[in-house]
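Down below is the structure, laid out as structure tokens.
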Amino acid sequence: MDSGGSTESPVDPKKPKKGKSKTPQKAKESVLKQKSPAEFFAENKNIAGFDNPGKSLYTTVRELVENSLDSAESISDLPAIEITIEEISKRKFNTMIGLVDRERVDEALYDDFETTKAREKRLAKEAHDQEIQAKNTSIGKKSKETPALKGIKGRGEASFFRVTCKDNGKGMPHDDIPNMFGRVLSGTKYGLKQTRGKFGLGAKMALIWSKMSTGLPIEISSSMKGQNYASFCRLDIDIHRNIPHIHLHEKRENKECWHGAEIQVIIEGNWTTYRSKILHYMRQMAVITPYAQFLFRFVSDTSDKNVTIRFARRTDVMPPVPLETKHHPSAVDLLLIKRLIAETSKQNLLQFLQHEFVNIGKSYAERLVGEMGPEFSPKMAVKSLTSQQIVRIHQLFRQAKFDDPSGDCLSPAGEYNLRLGIIKELHPDMVATYAGSPQVFEGHPFIVEAGISLGGKDVKQGLNIFRFANRIPLLFEQGADVVTRTALKRINWNSYKINQAQDKIGVFVSIVSTKIPFKGTGKEYIGDDISEIASAVKSSIQQCCVQLKSKIVKKIQARERQERKRNLTRYIPDASRAIYELLEETAHRQDKKRKHYKGHDDEILNKVLKGEITEAMLREKLTQHVEQVDYEMALEYAVQSGVSEEPREAIYIQALDDPHDFIEFHSPVCVFRLIR
């Protein structure tokens, strides 16, 4: 019996109190997890250029086109590439995946729902804006263009596209296709050489984006030269395990004896916002690869804005295939040295230094080994090197001096191709090109090529900058790029008779290297902080400007001569009339004083009196004189301009006989060598 009359039961210490606990809850123990490469790139797709649906469509086209170019160039075949973007309606897409269309039941549930009041307000604003624009147009006043009306709020429905790329390249081995497309960070382009690829992802990232946005697999058809069958593979990727998931993999009949690859992928995209970027990319690719033929098509069932553009081949001269090279000693780190030691087939240290690095001959390798210390010897087994000894090798590599690597392993577009590409796509009034000599940055060779054009088709006033890295166009993040900053801030265009504000100037700069020093994860621009590259870019642009200046000066002189000729021709009627009137008046005055005249003047005046010299005759003689003076000045200009200074190009004509005796025929422009 409780004496206090309280009905509360005693507190059980083991029973927790209701309400907020003052003691913090114990955190769950963290579990160690591991991500596959495919999963990493799926979560960080912006690294590979898949930021949004529009950029993803652009990057997919870019990756497929560049893979096709690499494939055709690897067998020295002139590339012929077909790219098709087919818009797929929502109804058609649902049919493809077996989803039945369903009408909306609860409209207010959707993001694009608009109330009656909001709709009336929006329509009233649209009508008011249209009325003001019509009023301004009627009075001839230029009205500010109103931005596109957003209309109903909402993200809108997703747009789906089938992207197909077909080429005449090398093709792929039947058994390798699944791993080449369904396993991230696997490929044939790894190694120290000039490559177009950014991460070695290629079409794999397009497959990952397809799996994320549509869930549909990728389809690959391929055939190699000499094969009597074509491989067909339909697959997607297991993101978490980074392995291909094969739906169908079979060999089919190849009646056309076609070789190459055809890749088809269905992704979510945005053609409207990235249309200009995709077409701009194709045009720039046609500039830097005039030896390739591109056929681009955009097909839509829902609109009449279909696009078909053919970028024709202009030349059959292809750049050499980039060669894989060895590492320069000044450009290696500890991890790379350890990997080279693990992979080398050489037995001793001397052979390892000679054969795994460039610019280390036998005598120089012996000097290096002697400098490393008494614990090193030329004949010691390279596999027996300790971690401390590898560090010593690395330190010596960083301190010793080595010859710069040559640019033999690089494959620039070449002045010939760059000039042809600019002329083919822009149709400029004037163009100049220049190819610099190989230079070195941190042990990697690089070459800068430049072209400057004036005038042209679809070229805006001012500077139009076109950037290329390893022969691929760079379209984004232009402001911070070394080419843009050099062209805007370091070139005095006026000193070359070029008006930066009014002239239509095309600036083309192509940089090739075994390692392009991109900035940022997008790998879309080269930083302005590398003095070697900045200096080479400036020098190349200046060399083009010097060429253009001489052409511009000659053009100005020719224009001035034409102007003088026009002025003289304009005054011929007045001059001939005045001269004839003076002669006629003098002849009549002298005729009154005496009947006959002797001497030269008498003969001219007599002809005037007899009508043998007329005003029309004087006009004709003056015209002939002006033409003769113009011809003589043009001839003098041609001699001074020096036709023999034009670059000569060697043309080789092979005869039927085997002995190779060379006879050179020199012309002002070409050198013909007949091999007989």
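So you can find residues: chains in the structure tokens are A, B, ... in the order shown, residues in each start at 1, and ligands are numbered from 1 in order.
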Could you give me, as an mmCIF file with C-alpha atoms, in the first residue's frame, the residues within 12 Å of Gly414 in chain A, counting only C-alpha atoms and dropping anything in the same chain fewer than 3 positions from it?
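Saved result, out22.cif, follows:
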```cif
data_model
loop_
_atom_site.group_PDB
_atom_site.id
_atom_site.type_symbol
_atom_site.label_atom_id
_atom_site.label_comp_id
_atom_site.auth_asym_id
_atom_site.auth_seq_id
_atom_site.Cartn_x
_atom_site.Cartn_y
_atom_site.Cartn_z
ATOM 1 C CA VAL A 287 38.659 20.886 -92.296
ATOM 2 C CA ILE A 288 41.330 18.881 -90.461
ATOM 3 C CA THR A 289 40.696 15.642 -92.425
ATOM 4 C CA PRO A 290 40.050 16.682 -96.057
ATOM 5 C CA TYR A 291 41.031 13.172 -97.132
ATOM 6 C CA VAL A 317 46.960 12.383 -99.337
ATOM 7 C CA MET A 318 46.768 10.965 -95.812
ATOM 8 C CA PRO A 319 49.042 11.775 -92.865
ATOM 9 C CA PRO A 320 51.281 8.906 -91.754
ATOM 10 C CA LEU A 410 53.860 12.218 -84.508
ATOM 11 C CA SER A 411 51.328 12.495 -87.311
ATOM 12 C CA ASN A 417 45.837 19.000 -95.878
ATOM 13 C CA LEU A 418 45.234 21.959 -93.568
ATOM 14 C CA ARG A 419 45.197 24.388 -96.482
ATOM 15 C CA LEU A 420 42.913 22.150 -98.547
ATOM 16 C CA GLY A 421 40.520 21.698 -95.633
ATOM 17 C CA THR A 433 49.560 27.979 -93.456
ATOM 18 C CA TYR A 434 52.652 27.107 -91.461
ATOM 19 C CA ALA A 435 53.973 23.953 -89.785
ATOM 20 C CA GLY A 436 56.424 24.383 -86.937
ATOM 21 C CA SER A 437 59.325 22.094 -86.162
ATOM 22 C CA ILE A 447 54.163 20.003 -83.237
ATOM 23 C CA VAL A 448 52.068 23.127 -83.795
ATOM 24 C CA GLU A 449 50.473 23.812 -87.182
ATOM 25 C CA ALA A 450 48.585 26.989 -87.961
ATOM 26 C CA GLY A 451 46.474 28.486 -90.713
ATOM 27 C CA ARG A 471 43.531 16.205 -85.143
ATOM 28 C CA VAL A 509 45.744 25.952 -84.792
ATOM 29 C CA SER A 510 46.408 22.213 -84.572
ATOM 30 C CA ILE A 511 48.584 20.717 -81.834
ATOM 31 C CA VAL A 512 49.702 17.090 -81.965
#
```
Give me, as a PyMOL selection string, all polymer residues having an atom no more than 7 Å from range 49-57 of chain A, counting only C-alpha atoms and skipping those fewer than 6 positions away in the same chain.
chain A and resi 268-271+273-274+522
Among the residues A:His328, A:Lys92, A:Lys45, A:His259, the one that comes closest to Asn168 in chain A [using only C-alpha atoms]
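Checking each of A:His328, A:Lys92, A:Lys45, A:His259 against Asn168 in chain A, counting only C-alpha atoms, the winner is A:His259.
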Tell me, as a list in words, which residues lie within 8 Å of range 69-75 of chain A, counting only C-alpha atoms; anything in the same chain fewer than 6 positions away does not count.
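In the requested format, the answer is Ile81, Asp167, Asn168, Gly169, Lys170, Gly171, Arg196, Gly260 and Val321 of chain A.
Residue nearest Lys346 in chain A within the list A:Gln543, A:Thr116, A:Lys383, A:Glu627: A:Lys383 [criterion: smallest interatomic distance, only C-alpha atoms].
Atom to atom, CA of Ser576 in chain A and CA of Lys607 in chain A stand 15.9 Å apart.
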Pick out each residue of range 226-430 of chain A that DSSP on the backbone tags as strand (DSSP E); I need them as a ChimeraX atom specification.
/A:229-238,243-253,260-269,293-300,307-311,430
Taking the DSSP assignment computed from this structure's backbone, write out as JSON, numbers by chain all residues of range 414-444 of chain A that belong to alpha helix (DSSP H).
{"A": [415, 416, 417, 418, 419, 420, 421, 422, 423, 424, 425, 426]}
Would you mind exporting C-alpha atoms of the selected residues as a PDB file, in the first residue's frame?
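Below is the file that was written, selection-v9.pdb:
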```pdb
ATOM      1  CA  GLU A 415      50.222  22.098 -94.370  1.00  0.00           C
ATOM      2  CA  TYR A 416      48.840  20.592 -97.571  1.00  0.00           C
ATOM      3  CA  ASN A 417      45.837  19.000 -95.878  1.00  0.00           C
ATOM      4  CA  LEU A 418      45.234  21.959 -93.568  1.00  0.00           C
ATOM      5  CA  ARG A 419      45.197  24.388 -96.482  1.00  0.00           C
ATOM      6  CA  LEU A 420      42.913  22.150 -98.547  1.00  0.00           C
ATOM      7  CA  GLY A 421      40.520  21.698 -95.633  1.00  0.00           C
ATOM      8  CA  ILE A 422      40.267  25.450 -95.027  1.00  0.00           C
ATOM      9  CA  ILE A 423      39.713  26.185 -98.719  1.00  0.00           C
ATOM     10  CA  LYS A 424      37.170  23.363 -99.076  1.00  0.00           C
ATOM     11  CA  GLU A 425      34.967  24.337 -96.157  1.00  0.00           C
ATOM     12  CA  LEU A 426      35.369  28.128 -95.838  1.00  0.00           C
TER      13      LEU A 426
END
```
Shell around Ala365 in chain A at 12 Å using only C-alpha atoms, local window under 3 positions removed, as a PyMOL selection string
chain A and resi 329+348-362+368-372+377-379+393+396-397+400+402
Might you pull out every residue within 7 Å of range 297-314 of chain A, with only C-alpha atoms counted and same-chain residues fewer than 6 positions away left off, and present them as a PyMOL selection string?
chain A and resi 83-87+286+290-291
Taking 6 positions as the minimum chain separation for residues in the same chain, which residues sit within 10 Å of Leu64 in chain A when counting only C-alpha atoms? Answer as a VMD selection string.
chain A and resid 81 83 163 to 167 202 to 203 206 262 to 264
For the selection you just gave me, I'd like the residues written to a file as a short mmCIF file (atom, residue, chain, number, x, y, z; two decimals), in the first residue's frame, keeping N, CA and C atoms.
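Just written: part.cif:
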```
data_model
loop_
_atom_site.label_atom_id
_atom_site.label_comp_id
_atom_site.auth_asym_id
_atom_site.auth_seq_id
_atom_site.Cartn_x
_atom_site.Cartn_y
_atom_site.Cartn_z
N ILE A 81 32.76 7.71 -94.02
CA ILE A 81 32.00 7.53 -92.78
C ILE A 81 30.59 8.08 -92.96
N ILE A 83 27.11 8.95 -90.80
CA ILE A 83 26.54 9.16 -89.47
C ILE A 83 25.06 9.51 -89.62
N VAL A 163 21.49 6.56 -82.93
CA VAL A 163 22.72 7.05 -83.55
C VAL A 163 23.42 5.88 -84.22
N THR A 164 23.68 6.01 -85.52
CA THR A 164 24.32 4.95 -86.29
C THR A 164 25.56 5.52 -86.97
N CYS A 165 26.66 4.82 -86.86
CA CYS A 165 27.91 5.23 -87.50
C CYS A 165 28.50 4.03 -88.24
N LYS A 166 28.71 4.21 -89.54
CA LYS A 166 29.23 3.13 -90.38
C LYS A 166 30.52 3.61 -91.04
N ASP A 167 31.54 2.75 -91.07
CA ASP A 167 32.83 3.14 -91.65
C ASP A 167 33.38 2.02 -92.51
N GLY A 202 35.60 5.60 -75.60
CA GLY A 202 34.96 5.42 -76.90
C GLY A 202 33.48 5.14 -76.78
N ALA A 203 33.06 4.09 -77.50
CA ALA A 203 31.63 3.76 -77.53
C ALA A 203 31.17 3.12 -76.23
N ALA A 206 29.06 5.58 -74.41
CA ALA A 206 27.76 5.69 -75.07
C ALA A 206 26.86 4.53 -74.65
N GLU A 262 29.85 -1.07 -88.15
CA GLU A 262 28.62 -0.28 -88.06
C GLU A 262 28.09 -0.41 -86.63
N ILE A 263 27.99 0.71 -85.94
CA ILE A 263 27.57 0.71 -84.53
C ILE A 263 26.27 1.49 -84.42
N GLN A 264 25.33 0.91 -83.68
CA GLN A 264 24.01 1.52 -83.52
C GLN A 264 23.65 1.54 -82.04
#
```
